[in-house]
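A.B. asks: So that we are looking at the same thing, I have put the structure below in structure tokens.
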Amino acid sequence: MAQITRSVSVKASPETVWAVIGGFQALPEWHPAAEGSAKEMVDGVEHRRLSLAGGGEILEKALGSDGMSYGYEIVESPLPVKNYRSILSVVGTDQGSVVVWSSTFDPLAETASGVVAGIYEAGLGTLTSRFGS
């Protein structure tokens, strides 16, 4: 099993950052690889079907939210991973906030960890541009 964690410090309050990233369907609002998100309910559980830049889709299942964090798992994806579970969270600091994105998964290719890390870094980079670091 692989584990990836990436984080970024930004100069904004946790509430301000969470208002941008905290909605389960909000990923296209701040991540450059996500062009759209369609909400689907499956057996009473919220899912999001992400449309990806350049084509492709990922179906993800919400695992719940606790304060300023939420978890999700991939149900269907072109990514070279299985058993993928992730948590996105915001923590306050004296200078603003830290956004942490982490996951565990079984890699299906040698490139899997690099692909996941690249996805996180692209999204967190947009937050740095938006809020400052």
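We name chains A, B, ... following the order of the structure tokens; residues begin at 1 in each chain, and ligands are numbered from 1 as shown.
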Please identify all polymer residues within 12 Å of A:Glu60, counting only C-alpha atoms, omitting same-chain residues fewer than 6 positions from it, and present them as a list of chain:residue names.

C.D. replies: A:Phe24, A:Gln25, A:Leu27, A:Ser37, A:Ala38, A:Lys39, A:Glu40, A:Met41, A:Val42, A:Val45, A:Glu46, A:His47, A:Arg48, A:Arg49, A:Leu50, A:Ser51, A:Gly71, A:Tyr72, A:Glu73, A:Ile74, A:Val75, A:Glu76, A:Ser77, A:Asn83, A:Tyr84, A:Arg85, A:Ser86

A.B. asks: Taking N, CA, C and O atoms for each residue, export the selection above as an mmCIF file, in the first residue's frame.

C.D. replies:
```cif
data_model
loop_
_atom_site.group_PDB
_atom_site.id
_atom_site.type_symbol
_atom_site.label_atom_id
_atom_site.label_comp_id
_atom_site.auth_asym_id
_atom_site.auth_seq_id
_atom_site.Cartn_x
_atom_site.Cartn_y
_atom_site.Cartn_z
ATOM 1 N N PHE A 24 -17.896 19.166 -1.107
ATOM 2 C CA PHE A 24 -17.473 17.951 -1.809
ATOM 3 C C PHE A 24 -17.565 18.120 -3.324
ATOM 4 O O PHE A 24 -16.769 17.553 -4.068
ATOM 5 N N GLN A 25 -18.480 18.946 -3.790
ATOM 6 C CA GLN A 25 -18.631 19.172 -5.231
ATOM 7 C C GLN A 25 -17.789 20.357 -5.720
ATOM 8 O O GLN A 25 -17.841 20.719 -6.893
ATOM 9 N N LEU A 27 -14.481 20.847 -6.086
ATOM 10 C CA LEU A 27 -13.152 20.637 -6.658
ATOM 11 C C LEU A 27 -12.917 21.419 -7.961
ATOM 12 O O LEU A 27 -11.857 22.031 -8.129
ATOM 13 N N SER A 37 -18.141 18.854 -11.910
ATOM 14 C CA SER A 37 -18.507 17.864 -10.901
ATOM 15 C C SER A 37 -20.021 17.713 -10.907
ATOM 16 O O SER A 37 -20.744 18.693 -10.748
ATOM 17 N N ALA A 38 -20.471 16.490 -11.107
ATOM 18 C CA ALA A 38 -21.900 16.201 -11.087
ATOM 19 C C ALA A 38 -22.214 15.368 -9.855
ATOM 20 O O ALA A 38 -21.603 14.319 -9.629
ATOM 21 N N LYS A 39 -23.156 15.857 -9.064
ATOM 22 C CA LYS A 39 -23.557 15.149 -7.850
ATOM 23 C C LYS A 39 -24.447 13.975 -8.213
ATOM 24 O O LYS A 39 -25.380 14.109 -9.006
ATOM 25 N N GLU A 40 -24.155 12.821 -7.627
ATOM 26 C CA GLU A 40 -24.971 11.620 -7.783
ATOM 27 C C GLU A 40 -25.197 11.030 -6.396
ATOM 28 O O GLU A 40 -24.299 11.046 -5.566
ATOM 29 N N MET A 41 -26.393 10.537 -6.172
ATOM 30 C CA MET A 41 -26.681 9.843 -4.919
ATOM 31 C C MET A 41 -26.767 8.353 -5.236
ATOM 32 O O MET A 41 -27.513 7.951 -6.128
ATOM 33 N N VAL A 42 -25.983 7.558 -4.533
ATOM 34 C CA VAL A 42 -25.978 6.107 -4.710
ATOM 35 C C VAL A 42 -26.244 5.487 -3.350
ATOM 36 O O VAL A 42 -25.468 5.677 -2.412
ATOM 37 N N VAL A 45 -25.856 7.835 -0.478
ATOM 38 C CA VAL A 45 -24.533 8.398 -0.207
ATOM 39 C C VAL A 45 -24.136 9.313 -1.364
ATOM 40 O O VAL A 45 -24.241 8.930 -2.531
ATOM 41 N N GLU A 46 -23.655 10.504 -1.032
ATOM 42 C CA GLU A 46 -23.246 11.459 -2.057
ATOM 43 C C GLU A 46 -21.989 10.977 -2.785
ATOM 44 O O GLU A 46 -21.027 10.510 -2.169
ATOM 45 N N HIS A 47 -22.026 11.107 -4.103
ATOM 46 C CA HIS A 47 -20.885 10.828 -4.969
ATOM 47 C C HIS A 47 -20.658 12.059 -5.841
ATOM 48 O O HIS A 47 -21.561 12.873 -6.014
ATOM 49 N N ARG A 48 -19.467 12.174 -6.394
ATOM 50 C CA ARG A 48 -19.209 13.193 -7.400
ATOM 51 C C ARG A 48 -18.580 12.524 -8.617
ATOM 52 O O ARG A 48 -17.708 11.686 -8.493
ATOM 53 N N ARG A 49 -19.087 12.905 -9.780
ATOM 54 C CA ARG A 49 -18.520 12.437 -11.041
ATOM 55 C C ARG A 49 -17.753 13.620 -11.623
ATOM 56 O O ARG A 49 -18.331 14.577 -12.099
ATOM 57 N N LEU A 50 -16.438 13.526 -11.541
ATOM 58 C CA LEU A 50 -15.571 14.604 -11.997
ATOM 59 C C LEU A 50 -15.265 14.451 -13.478
ATOM 60 O O LEU A 50 -14.872 13.366 -13.927
ATOM 61 N N SER A 51 -15.441 15.528 -14.221
ATOM 62 C CA SER A 51 -15.014 15.601 -15.617
ATOM 63 C C SER A 51 -13.611 16.175 -15.609
ATOM 64 O O SER A 51 -13.375 17.247 -15.017
ATOM 65 N N GLY A 71 -13.443 13.132 3.816
ATOM 66 C CA GLY A 71 -12.816 11.964 3.230
ATOM 67 C C GLY A 71 -13.611 11.490 2.032
ATOM 68 O O GLY A 71 -14.808 11.754 1.919
ATOM 69 N N TYR A 72 -12.923 10.794 1.146
ATOM 70 C CA TYR A 72 -13.585 10.231 -0.032
ATOM 71 C C TYR A 72 -12.793 9.034 -0.537
ATOM 72 O O TYR A 72 -11.625 8.847 -0.167
ATOM 73 N N GLU A 73 -13.448 8.236 -1.361
ATOM 74 C CA GLU A 73 -12.761 7.121 -2.001
ATOM 75 C C GLU A 73 -13.114 7.092 -3.479
ATOM 76 O O GLU A 73 -14.193 7.537 -3.878
ATOM 77 N N ILE A 74 -12.184 6.586 -4.277
ATOM 78 C CA ILE A 74 -12.425 6.452 -5.707
ATOM 79 C C ILE A 74 -13.206 5.176 -5.957
ATOM 80 O O ILE A 74 -12.840 4.104 -5.464
ATOM 81 N N VAL A 75 -14.282 5.306 -6.736
ATOM 82 C CA VAL A 75 -15.111 4.169 -7.125
ATOM 83 C C VAL A 75 -14.722 3.701 -8.534
ATOM 84 O O VAL A 75 -14.570 2.510 -8.779
ATOM 85 N N GLU A 76 -14.588 4.668 -9.459
ATOM 86 C CA GLU A 76 -14.184 4.381 -10.842
ATOM 87 C C GLU A 76 -13.200 5.457 -11.269
ATOM 88 O O GLU A 76 -13.425 6.638 -11.004
ATOM 89 N N SER A 77 -12.127 5.043 -11.980
ATOM 90 C CA SER A 77 -11.120 6.030 -12.361
ATOM 91 C C SER A 77 -10.159 5.480 -13.401
ATOM 92 O O SER A 77 -9.864 4.282 -13.393
ATOM 93 N N ASN A 83 -8.357 0.760 -4.305
ATOM 94 C CA ASN A 83 -8.506 0.925 -2.853
ATOM 95 C C ASN A 83 -8.010 2.299 -2.390
ATOM 96 O O ASN A 83 -7.419 2.433 -1.322
ATOM 97 N N TYR A 84 -8.289 3.317 -3.201
ATOM 98 C CA TYR A 84 -7.852 4.682 -2.922
ATOM 99 C C TYR A 84 -8.811 5.345 -1.946
ATOM 100 O O TYR A 84 -10.015 5.389 -2.176
ATOM 101 N N ARG A 85 -8.253 5.860 -0.851
ATOM 102 C CA ARG A 85 -9.012 6.634 0.152
ATOM 103 C C ARG A 85 -8.209 7.874 0.485
ATOM 104 O O ARG A 85 -6.993 7.801 0.650
ATOM 105 N N SER A 86 -8.903 8.994 0.596
ATOM 106 C CA SER A 86 -8.206 10.263 0.775
ATOM 107 C C SER A 86 -8.912 11.150 1.795
ATOM 108 O O SER A 86 -10.118 11.022 2.014
#
```

A.B. asks: Need to verify the contact set: stretch 28-31 of chain A, 10 Å, only C-alpha atoms, exclusion of same-chain residues closer than 2 positions in sequence. Can you return it as a ChimeraX atom specification?

C.D. replies: /A:20-21,23,25-26,33-37,50-52,119-127,130

A.B. asks: Keeping only all heavy atoms, take the residues you just selected and write them out as a compact mmCIF listing (two decimals), in the first residue's frame.

C.D. replies:
```txt
# COMPACT_ATOMS: atom_id res chain seq x y z
N VAL A 20 -13.76 27.83 0.08
CA VAL A 20 -13.42 27.55 -1.31
C VAL A 20 -13.33 26.05 -1.57
O VAL A 20 -13.87 25.54 -2.56
CB VAL A 20 -12.08 28.23 -1.69
CG1 VAL A 20 -11.61 27.79 -3.07
CG2 VAL A 20 -12.22 29.74 -1.61
N ILE A 21 -12.68 25.29 -0.69
CA ILE A 21 -12.38 23.88 -0.98
C ILE A 21 -13.28 22.89 -0.25
O ILE A 21 -13.27 21.71 -0.56
CB ILE A 21 -10.91 23.54 -0.68
CG1 ILE A 21 -10.62 23.50 0.83
CG2 ILE A 21 -9.98 24.49 -1.40
CD1 ILE A 21 -9.26 22.93 1.17
N GLY A 23 -16.58 22.22 0.06
CA GLY A 23 -17.73 21.50 -0.48
C GLY A 23 -17.28 20.30 -1.29
O GLY A 23 -16.35 20.41 -2.10
N GLN A 25 -18.48 18.95 -3.79
CA GLN A 25 -18.63 19.17 -5.23
C GLN A 25 -17.79 20.36 -5.72
O GLN A 25 -17.84 20.72 -6.89
CB GLN A 25 -20.11 19.40 -5.58
CG GLN A 25 -21.04 18.27 -5.19
CD GLN A 25 -20.74 16.96 -5.89
OE1 GLN A 25 -20.28 16.94 -7.02
NE2 GLN A 25 -20.99 15.86 -5.21
N ALA A 26 -16.99 20.99 -4.86
CA ALA A 26 -16.29 22.23 -5.18
C ALA A 26 -14.96 22.04 -5.90
O ALA A 26 -14.34 23.03 -6.30
CB ALA A 26 -16.07 23.05 -3.91
N ALA A 33 -7.30 20.43 -12.87
CA ALA A 33 -7.57 19.20 -13.63
C ALA A 33 -9.05 18.84 -13.65
O ALA A 33 -9.47 18.00 -14.44
CB ALA A 33 -6.78 18.03 -13.04
N ALA A 34 -9.85 19.46 -12.79
CA ALA A 34 -11.28 19.14 -12.70
C ALA A 34 -12.08 20.22 -13.43
O ALA A 34 -12.09 21.38 -13.02
CB ALA A 34 -11.72 19.04 -11.25
N GLU A 35 -12.76 19.82 -14.51
CA GLU A 35 -13.56 20.78 -15.27
C GLU A 35 -15.00 20.86 -14.79
O GLU A 35 -15.65 21.85 -14.97
CB GLU A 35 -13.53 20.42 -16.76
CG GLU A 35 -12.18 20.66 -17.38
CD GLU A 35 -12.19 20.46 -18.88
OE1 GLU A 35 -13.05 19.73 -19.41
OE2 GLU A 35 -11.30 21.03 -19.53
N GLY A 36 -15.49 19.80 -14.19
CA GLY A 36 -16.86 19.79 -13.71
C GLY A 36 -17.08 18.70 -12.69
O GLY A 36 -16.29 17.75 -12.59
N SER A 37 -18.14 18.85 -11.91
CA SER A 37 -18.51 17.86 -10.90
C SER A 37 -20.02 17.71 -10.91
O SER A 37 -20.74 18.69 -10.75
CB SER A 37 -18.04 18.31 -9.51
OG SER A 37 -18.37 17.34 -8.54
N LEU A 50 -16.44 13.53 -11.54
CA LEU A 50 -15.57 14.60 -12.00
C LEU A 50 -15.26 14.45 -13.48
O LEU A 50 -14.87 13.37 -13.93
CB LEU A 50 -14.25 14.59 -11.21
CG LEU A 50 -14.36 14.82 -9.71
CD1 LEU A 50 -13.02 14.57 -9.04
CD2 LEU A 50 -14.85 16.24 -9.42
N SER A 51 -15.44 15.53 -14.22
CA SER A 51 -15.01 15.60 -15.62
C SER A 51 -13.61 16.17 -15.61
O SER A 51 -13.37 17.25 -15.02
CB SER A 51 -15.92 16.52 -16.42
OG SER A 51 -17.25 16.07 -16.34
N LEU A 52 -12.68 15.49 -16.25
CA LEU A 52 -11.28 15.89 -16.21
C LEU A 52 -10.88 16.69 -17.44
O LEU A 52 -11.35 16.43 -18.54
CB LEU A 52 -10.40 14.66 -16.09
CG LEU A 52 -10.69 13.74 -14.91
CD1 LEU A 52 -9.80 12.52 -14.96
CD2 LEU A 52 -10.52 14.48 -13.59
N ILE A 119 -1.20 15.34 -8.88
CA ILE A 119 -2.57 15.86 -8.76
C ILE A 119 -2.68 16.77 -7.54
O ILE A 119 -3.23 17.87 -7.60
CB ILE A 119 -3.59 14.70 -8.69
CG1 ILE A 119 -3.64 13.99 -10.04
CG2 ILE A 119 -4.96 15.20 -8.26
CD1 ILE A 119 -4.36 12.65 -10.00
N TYR A 120 -2.15 16.29 -6.42
CA TYR A 120 -2.21 17.10 -5.19
C TYR A 120 -1.43 18.40 -5.35
O TYR A 120 -1.90 19.47 -4.97
CB TYR A 120 -1.64 16.32 -4.01
CG TYR A 120 -2.44 15.11 -3.59
CD1 TYR A 120 -3.62 14.74 -4.23
CD2 TYR A 120 -2.01 14.32 -2.55
CE1 TYR A 120 -4.34 13.64 -3.83
CE2 TYR A 120 -2.73 13.21 -2.14
CZ TYR A 120 -3.89 12.87 -2.79
OH TYR A 120 -4.60 11.77 -2.39
N GLU A 121 -0.22 18.32 -5.91
CA GLU A 121 0.62 19.50 -6.05
C GLU A 121 -0.02 20.54 -6.98
O GLU A 121 0.07 21.74 -6.71
CB GLU A 121 2.01 19.09 -6.55
CG GLU A 121 2.77 18.32 -5.47
CD GLU A 121 3.96 17.52 -5.99
OE1 GLU A 121 4.30 17.63 -7.19
OE2 GLU A 121 4.55 16.78 -5.18
N ALA A 122 -0.67 20.09 -8.04
CA ALA A 122 -1.35 21.02 -8.95
C ALA A 122 -2.47 21.77 -8.22
O ALA A 122 -2.60 22.99 -8.35
CB ALA A 122 -1.91 20.28 -10.16
N GLY A 123 -3.28 21.06 -7.47
CA GLY A 123 -4.37 21.69 -6.73
C GLY A 123 -3.87 22.61 -5.64
O GLY A 123 -4.35 23.75 -5.50
N LEU A 124 -2.91 22.15 -4.87
CA LEU A 124 -2.39 22.98 -3.78
C LEU A 124 -1.66 24.21 -4.32
O LEU A 124 -1.70 25.28 -3.71
CB LEU A 124 -1.48 22.14 -2.89
CG LEU A 124 -2.17 21.00 -2.14
CD1 LEU A 124 -1.15 20.15 -1.39
CD2 LEU A 124 -3.27 21.49 -1.22
N GLY A 125 -1.05 24.07 -5.49
CA GLY A 125 -0.39 25.21 -6.12
C GLY A 125 -1.37 26.32 -6.46
O GLY A 125 -1.05 27.51 -6.34
N THR A 126 -2.57 25.95 -6.89
CA THR A 126 -3.57 26.98 -7.19
C THR A 126 -4.01 27.70 -5.92
O THR A 126 -4.32 28.90 -5.96
CB THR A 126 -4.81 26.41 -7.92
OG1 THR A 126 -5.47 25.49 -7.08
CG2 THR A 126 -4.42 25.75 -9.23
N LEU A 127 -4.02 26.98 -4.80
CA LEU A 127 -4.39 27.63 -3.53
C LEU A 127 -3.32 28.62 -3.10
O LEU A 127 -3.63 29.69 -2.58
CB LEU A 127 -4.65 26.58 -2.46
CG LEU A 127 -5.81 25.64 -2.72
CD1 LEU A 127 -5.93 24.60 -1.62
CD2 LEU A 127 -7.12 26.40 -2.90
N ARG A 130 -3.80 31.66 -5.16
CA ARG A 130 -5.02 32.38 -4.79
C ARG A 130 -4.89 33.12 -3.46
O ARG A 130 -5.35 34.25 -3.32
CB ARG A 130 -6.17 31.38 -4.71
CG ARG A 130 -7.50 32.01 -4.47
CD ARG A 130 -8.59 30.97 -4.61
NE ARG A 130 -9.90 31.57 -4.56
CZ ARG A 130 -10.97 31.00 -5.06
NH1 ARG A 130 -10.92 29.84 -5.64
NH2 ARG A 130 -12.14 31.61 -4.97
```

A.B. asks: Residues at most 7 Å from A:Phe105, counting only C-alpha atoms, excluding those fewer than 2 positions away in the same chain, as a list in words?

C.D. replies: Met1, Ala2, Gln3, Val81, Lys82, Asn83, Tyr84, Arg85, Ser103 and Pro107 of chain A

A.B. asks: DSSP on the backbone, then: every residue of chain A marked strand (DSSP E or B), written as a ChimeraX atom specification.

C.D. replies: /A:2-10,34-42,45-52,57-65,69-76,81-93,96-107

A.B. asks: Could you write out the selected residues, including C-alpha atoms, as an mmCIF file, in the first residue's frame?

C.D. replies:
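Result written to part-v1.cif:
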```cif
data_model
loop_
_atom_site.group_PDB
_atom_site.id
_atom_site.type_symbol
_atom_site.label_atom_id
_atom_site.label_comp_id
_atom_site.auth_asym_id
_atom_site.auth_seq_id
_atom_site.Cartn_x
_atom_site.Cartn_y
_atom_site.Cartn_z
ATOM 1 C CA ALA A 2 1.264 3.467 -0.888
ATOM 2 C CA GLN A 3 0.703 6.644 1.099
ATOM 3 C CA ILE A 4 0.982 10.186 -0.265
ATOM 4 C CA THR A 5 0.679 13.412 1.722
ATOM 5 C CA ARG A 6 1.144 16.931 0.451
ATOM 6 C CA SER A 7 0.509 20.199 2.265
ATOM 7 C CA VAL A 8 0.757 23.909 1.660
ATOM 8 C CA SER A 9 0.699 26.953 3.932
ATOM 9 C CA VAL A 10 -1.474 29.845 2.804
ATOM 10 C CA ALA A 34 -11.279 19.143 -12.703
ATOM 11 C CA GLU A 35 -13.559 20.776 -15.271
ATOM 12 C CA GLY A 36 -16.863 19.788 -13.713
ATOM 13 C CA SER A 37 -18.507 17.864 -10.901
ATOM 14 C CA ALA A 38 -21.900 16.201 -11.087
ATOM 15 C CA LYS A 39 -23.557 15.149 -7.850
ATOM 16 C CA GLU A 40 -24.971 11.620 -7.783
ATOM 17 C CA MET A 41 -26.681 9.843 -4.919
ATOM 18 C CA VAL A 42 -25.978 6.107 -4.710
ATOM 19 C CA VAL A 45 -24.533 8.398 -0.207
ATOM 20 C CA GLU A 46 -23.246 11.459 -2.057
ATOM 21 C CA HIS A 47 -20.885 10.828 -4.969
ATOM 22 C CA ARG A 48 -19.209 13.193 -7.400
ATOM 23 C CA ARG A 49 -18.520 12.437 -11.041
ATOM 24 C CA LEU A 50 -15.571 14.604 -11.997
ATOM 25 C CA SER A 51 -15.014 15.601 -15.617
ATOM 26 C CA LEU A 52 -11.285 15.894 -16.205
ATOM 27 C CA GLU A 57 -14.017 10.922 -15.573
ATOM 28 C CA ILE A 58 -13.537 9.888 -11.968
ATOM 29 C CA LEU A 59 -16.397 8.738 -9.741
ATOM 30 C CA GLU A 60 -15.750 9.370 -6.048
ATOM 31 C CA LYS A 61 -17.791 8.513 -2.958
ATOM 32 C CA ALA A 62 -18.009 10.888 0.020
ATOM 33 C CA LEU A 63 -16.927 9.278 3.283
ATOM 34 C CA GLY A 64 -18.045 12.102 5.530
ATOM 35 C CA SER A 65 -16.953 15.457 6.841
ATOM 36 C CA SER A 69 -11.967 17.991 6.588
ATOM 37 C CA TYR A 70 -13.648 15.436 4.399
ATOM 38 C CA GLY A 71 -12.816 11.964 3.230
ATOM 39 C CA TYR A 72 -13.585 10.231 -0.032
ATOM 40 C CA GLU A 73 -12.761 7.121 -2.001
ATOM 41 C CA ILE A 74 -12.425 6.452 -5.707
ATOM 42 C CA VAL A 75 -15.111 4.169 -7.125
ATOM 43 C CA GLU A 76 -14.184 4.381 -10.842
ATOM 44 C CA VAL A 81 -4.749 2.942 -8.330
ATOM 45 C CA LYS A 82 -7.214 0.769 -6.434
ATOM 46 C CA ASN A 83 -8.506 0.925 -2.853
ATOM 47 C CA TYR A 84 -7.852 4.682 -2.922
ATOM 48 C CA ARG A 85 -9.012 6.634 0.152
ATOM 49 C CA SER A 86 -8.206 10.263 0.775
ATOM 50 C CA ILE A 87 -8.662 13.088 3.278
ATOM 51 C CA LEU A 88 -8.558 16.812 2.488
ATOM 52 C CA SER A 89 -8.300 19.140 5.487
ATOM 53 C CA VAL A 90 -7.535 22.687 6.599
ATOM 54 C CA VAL A 91 -5.808 23.535 9.886
ATOM 55 C CA GLY A 92 -5.325 27.025 11.291
ATOM 56 C CA THR A 93 -1.888 28.460 12.080
ATOM 57 C CA GLY A 96 -3.079 31.569 8.239
ATOM 58 C CA SER A 97 -3.772 27.950 7.320
ATOM 59 C CA VAL A 98 -2.241 24.686 6.223
ATOM 60 C CA VAL A 99 -4.099 22.597 3.664
ATOM 61 C CA VAL A 100 -3.278 18.877 3.882
ATOM 62 C CA TRP A 101 -4.231 16.323 1.222
ATOM 63 C CA SER A 102 -3.360 12.703 1.896
ATOM 64 C CA SER A 103 -4.292 9.256 0.659
ATOM 65 C CA THR A 104 -3.586 5.573 0.804
ATOM 66 C CA PHE A 105 -3.989 3.255 -2.185
ATOM 67 C CA ASP A 106 -2.714 0.154 -3.902
ATOM 68 C CA PRO A 107 -0.611 1.210 -6.905
#
```
